[in-house]
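Reading through the structure tokens given below for one structure.
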Amino acid sequence: MAEQADCQILSAVESLARSDSPSPRMHVFVTVGSTRFDALVHRALSPAVLDVLRAKGYRSLDIQCGNSDFNVSAFEQRAHDHWHCTHDGLEIDVWRFKPSLQEDYERADLIVSHAGSGTIIDVLRLGKPLIVVPNPTLLDNHQEELSDALAGLGHLRSSTIADLPQAIEKLDPTQLVPFPRFDGSRFRELLDEEMGYVDHDHGCKNGR
């Protein structure tokens, strides 16, 4: 009986220790690629976005801002193009460029990106949850068409700049459709169909 009681006490202590152990430090990565996308950087640094990230359990945020402008006075400059600050326990680092973003993609639990096709494919092939924000200032809407098409296939979530806090709050990574093993020709066919370029009755493409 004593041994059984000791086992029960030990089990309770281990359970309590597990419950008191810190949760994983979830990390967000925002990227604008080689472009200038001031609006996305500003929105990612807005209280509305930072607060929802904090509420969702994220504890660190990296922003690759490219040539975008932002309020550097709110940050501590740690290098020529690297700035840091803390917002209510959320560690924020902003920097401009790196030779490769692969490690940043792999480290992130959530990625928020411009709608560049190369970035989207790289992230989806890693199986990372992705929110894409097209740049509305571009002269054409191909970025928006691409992100909407892949969102329609369930691989990612597409958002406007204004709706980014809601997109983050409502995102359920378990509901995203895994990106298939990459097949360039099949990928183009899926996009053509989703974007309305395929005429199923005539087997040809419209608008090209």
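By order of appearance in the structure tokens: chains A, B, ..., then residues from 1 within every chain, and ligands from 1 in the order shown.
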Considering only C-alpha atoms, tabulate each residue of range 47-76 of chain A that lies at most 9 Å from range 87-109 of chain A along with its nearest interatomic pair and the corresponding distance in Å to one decimal; arrange the rows by chain and ascending residue number and present them as CSV.
residue,atom,partner,partner_atom,distance
A:Pro47,CA,A:His87,CA,8.9
A:Leu50,CA,A:His87,CA,7.6
A:Asp51,CA,A:Asp88,CA,8.4
A:Leu53,CA,A:Leu90,CA,8.4
A:Arg54,CA,A:Leu90,CA,6.7
A:Tyr58,CA,A:Leu90,CA,7.3
A:Arg59,CA,A:Leu90,CA,4.7
A:Ser60,CA,A:Glu91,CA,4.5
A:Leu61,CA,A:Ile92,CA,4.8
A:Asp62,CA,A:Asp93,CA,4.8
A:Ile63,CA,A:Val94,CA,4.7
A:Gln64,CA,A:Trp95,CA,5.2
A:Cys65,CA,A:Arg96,CA,5.0
A:Gly66,CA,A:Arg96,CA,4.4
A:Asn67,CA,A:Arg96,CA,6.6
A:Ser68,CA,A:Arg96,CA,8.2
A:Phe75,CA,A:Asp93,CA,8.8
Those selected residues, please, written with N, CA and C atoms and delivered as a compact mmCIF listing (two decimals), in the first residue's frame.
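Output contents, as saved in out22.txt:
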# COMPACT_ATOMS: atom_id res chain seq x y z
N PRO A 47 0.18 47.68 -33.09
CA PRO A 47 -0.33 47.05 -31.87
C PRO A 47 -1.37 45.97 -32.14
N LEU A 50 0.66 42.85 -33.16
CA LEU A 50 1.51 42.39 -32.06
C LEU A 50 0.67 41.80 -30.92
N ASP A 51 -0.46 42.42 -30.65
CA ASP A 51 -1.31 41.92 -29.56
C ASP A 51 -1.92 40.56 -29.89
N LEU A 53 -0.66 38.33 -31.96
CA LEU A 53 0.44 37.35 -31.91
C LEU A 53 0.72 36.93 -30.47
N ARG A 54 0.77 37.90 -29.60
CA ARG A 54 1.01 37.61 -28.18
C ARG A 54 -0.10 36.73 -27.62
N TYR A 58 2.68 33.46 -29.49
CA TYR A 58 3.97 33.72 -30.11
C TYR A 58 4.81 34.61 -29.19
N ARG A 59 6.11 34.34 -29.14
CA ARG A 59 6.99 35.07 -28.24
C ARG A 59 8.14 35.76 -28.96
N SER A 60 8.30 35.53 -30.24
CA SER A 60 9.35 36.22 -30.99
C SER A 60 8.89 36.46 -32.42
N LEU A 61 9.34 37.57 -32.97
CA LEU A 61 8.95 38.00 -34.31
C LEU A 61 10.16 38.56 -35.03
N ASP A 62 10.47 38.01 -36.18
CA ASP A 62 11.50 38.55 -37.06
C ASP A 62 10.83 39.13 -38.30
N ILE A 63 11.26 40.32 -38.69
CA ILE A 63 10.73 40.96 -39.89
C ILE A 63 11.87 41.25 -40.84
N GLN A 64 11.86 40.63 -42.00
CA GLN A 64 12.82 40.94 -43.06
C GLN A 64 12.16 42.03 -43.88
N CYS A 65 12.64 43.27 -43.73
CA CYS A 65 11.91 44.43 -44.26
C CYS A 65 12.40 44.91 -45.61
N GLY A 66 13.48 44.33 -46.14
CA GLY A 66 13.98 44.78 -47.44
C GLY A 66 14.31 46.27 -47.41
N ASN A 67 13.83 46.98 -48.40
CA ASN A 67 14.07 48.42 -48.48
C ASN A 67 12.93 49.24 -47.88
N SER A 68 12.06 48.59 -47.14
CA SER A 68 10.90 49.28 -46.56
C SER A 68 11.33 50.25 -45.46
N PHE A 75 13.32 51.43 -31.86
CA PHE A 75 14.15 50.24 -31.75
C PHE A 75 15.55 50.57 -31.27
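Reported to one decimal place, the separation of CA of Val123 in chain A from CA of Val177 in chain A is 13.4 Å.
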Inset, instruction - as number ranges by chain, please: all residues of range 47-158 of chain A that backbone DSSP puts in alpha helix (DSSP H). - result: A: 47-55, 102-107, 117-125, 142-152
Legend entry - All residues 12 Å or closer to Thr174 in chain A, only C-alpha atoms, same chain fewer than 6 positions away omitted, as a VMD selection string: chain A and resid 127 to 130 154 to 156
Atoms kept (N, CA and C atoms) for selection, written as a PDB file, in the first residue's frame:
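Written output follows (result-v1.pdb):
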ATOM      1  N   GLY A 127       6.113  22.931 -45.674  1.00  0.00           N
ATOM      2  CA  GLY A 127       4.939  22.591 -44.875  1.00  0.00           C
ATOM      3  C   GLY A 127       4.647  23.580 -43.768  1.00  0.00           C
ATOM      4  N   LYS A 128       5.070  24.827 -43.936  1.00  0.00           N
ATOM      5  CA  LYS A 128       4.871  25.837 -42.910  1.00  0.00           C
ATOM      6  C   LYS A 128       3.547  26.574 -43.103  1.00  0.00           C
ATOM      7  N   PRO A 129       2.841  26.896 -42.008  1.00  0.00           N
ATOM      8  CA  PRO A 129       1.630  27.730 -42.121  1.00  0.00           C
ATOM      9  C   PRO A 129       2.000  29.084 -42.718  1.00  0.00           C
ATOM     10  N   LEU A 130       1.226  29.512 -43.714  1.00  0.00           N
ATOM     11  CA  LEU A 130       1.580  30.706 -44.467  1.00  0.00           C
ATOM     12  C   LEU A 130       0.376  31.619 -44.661  1.00  0.00           C
ATOM     13  N   GLY A 154      -6.628  25.731 -50.629  1.00  0.00           N
ATOM     14  CA  GLY A 154      -6.499  25.391 -49.215  1.00  0.00           C
ATOM     15  C   GLY A 154      -5.087  25.316 -48.693  1.00  0.00           C
ATOM     16  N   HIS A 155      -4.085  25.733 -49.484  1.00  0.00           N
ATOM     17  CA  HIS A 155      -2.687  25.584 -49.073  1.00  0.00           C
ATOM     18  C   HIS A 155      -2.209  26.714 -48.170  1.00  0.00           C
ATOM     19  N   LEU A 156      -2.876  27.856 -48.222  1.00  0.00           N
ATOM     20  CA  LEU A 156      -2.452  29.008 -47.436  1.00  0.00           C
ATOM     21  C   LEU A 156      -3.663  29.892 -47.167  1.00  0.00           C
TER      22      LEU A 156
END
Legend entry - Computed interatomic separation between CA of Asn135 in chain A and CA of Cys85 in chain A (Å):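 Computed distance, CA of Asn135 in chain A to CA of Cys85 in chain A, equals 25.9 Å.
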Inset, instruction - Point out the residue among A:Ile131, A:Leu138, A:Ile111, A:Leu126 with the least atom-to-atom distance to Thr35 in chain A, counting only C-alpha atoms. - result: A:Leu138
Legend entry - Contact residues around Ser113 in chain A with only C-alpha atoms at 10 Å, ignoring same-chain residues under 2 positions, as number ranges by chain: A: 29-33, 40, 63-64, 110-111, 115-116, 119-120, 123, 130-134, 158
Legend entry - 10 Å contact set for Asp172 in chain A, only C-alpha atoms, chain neighbours under 4 positions out, as a list of chain:residue names: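 Counting only C-alpha atoms, the residues come to A:Pro129, A:Arg157, A:Ala167, A:Ile168, A:Leu176.
Residues of range 34-74 of chain A assigned to strand (DSSP E) by DSSP on this structure's backbone: A:Tyr58, A:Arg59, A:Ser60, A:Leu61, A:Asp62, A:Ile63, A:Gln64.
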Export of the given selection (C-alpha atoms) as a CSV table (one decimal), in the first residue's frame:
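Contents of selection-v6.csv, as written:
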chain,number,residue,atom,x,y,z
A,58,TYR,CA,4.0,33.7,-30.1
A,59,ARG,CA,7.0,35.1,-28.2
A,60,SER,CA,9.3,36.2,-31.0
A,61,LEU,CA,8.9,38.0,-34.3
A,62,ASP,CA,11.5,38.6,-37.1
A,63,ILE,CA,10.7,41.0,-39.9
A,64,GLN,CA,12.8,40.9,-43.1
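Between CA of Gln166 in chain A and CA of Phe70 in chain A the interatomic distance comes to 22.2 Å.
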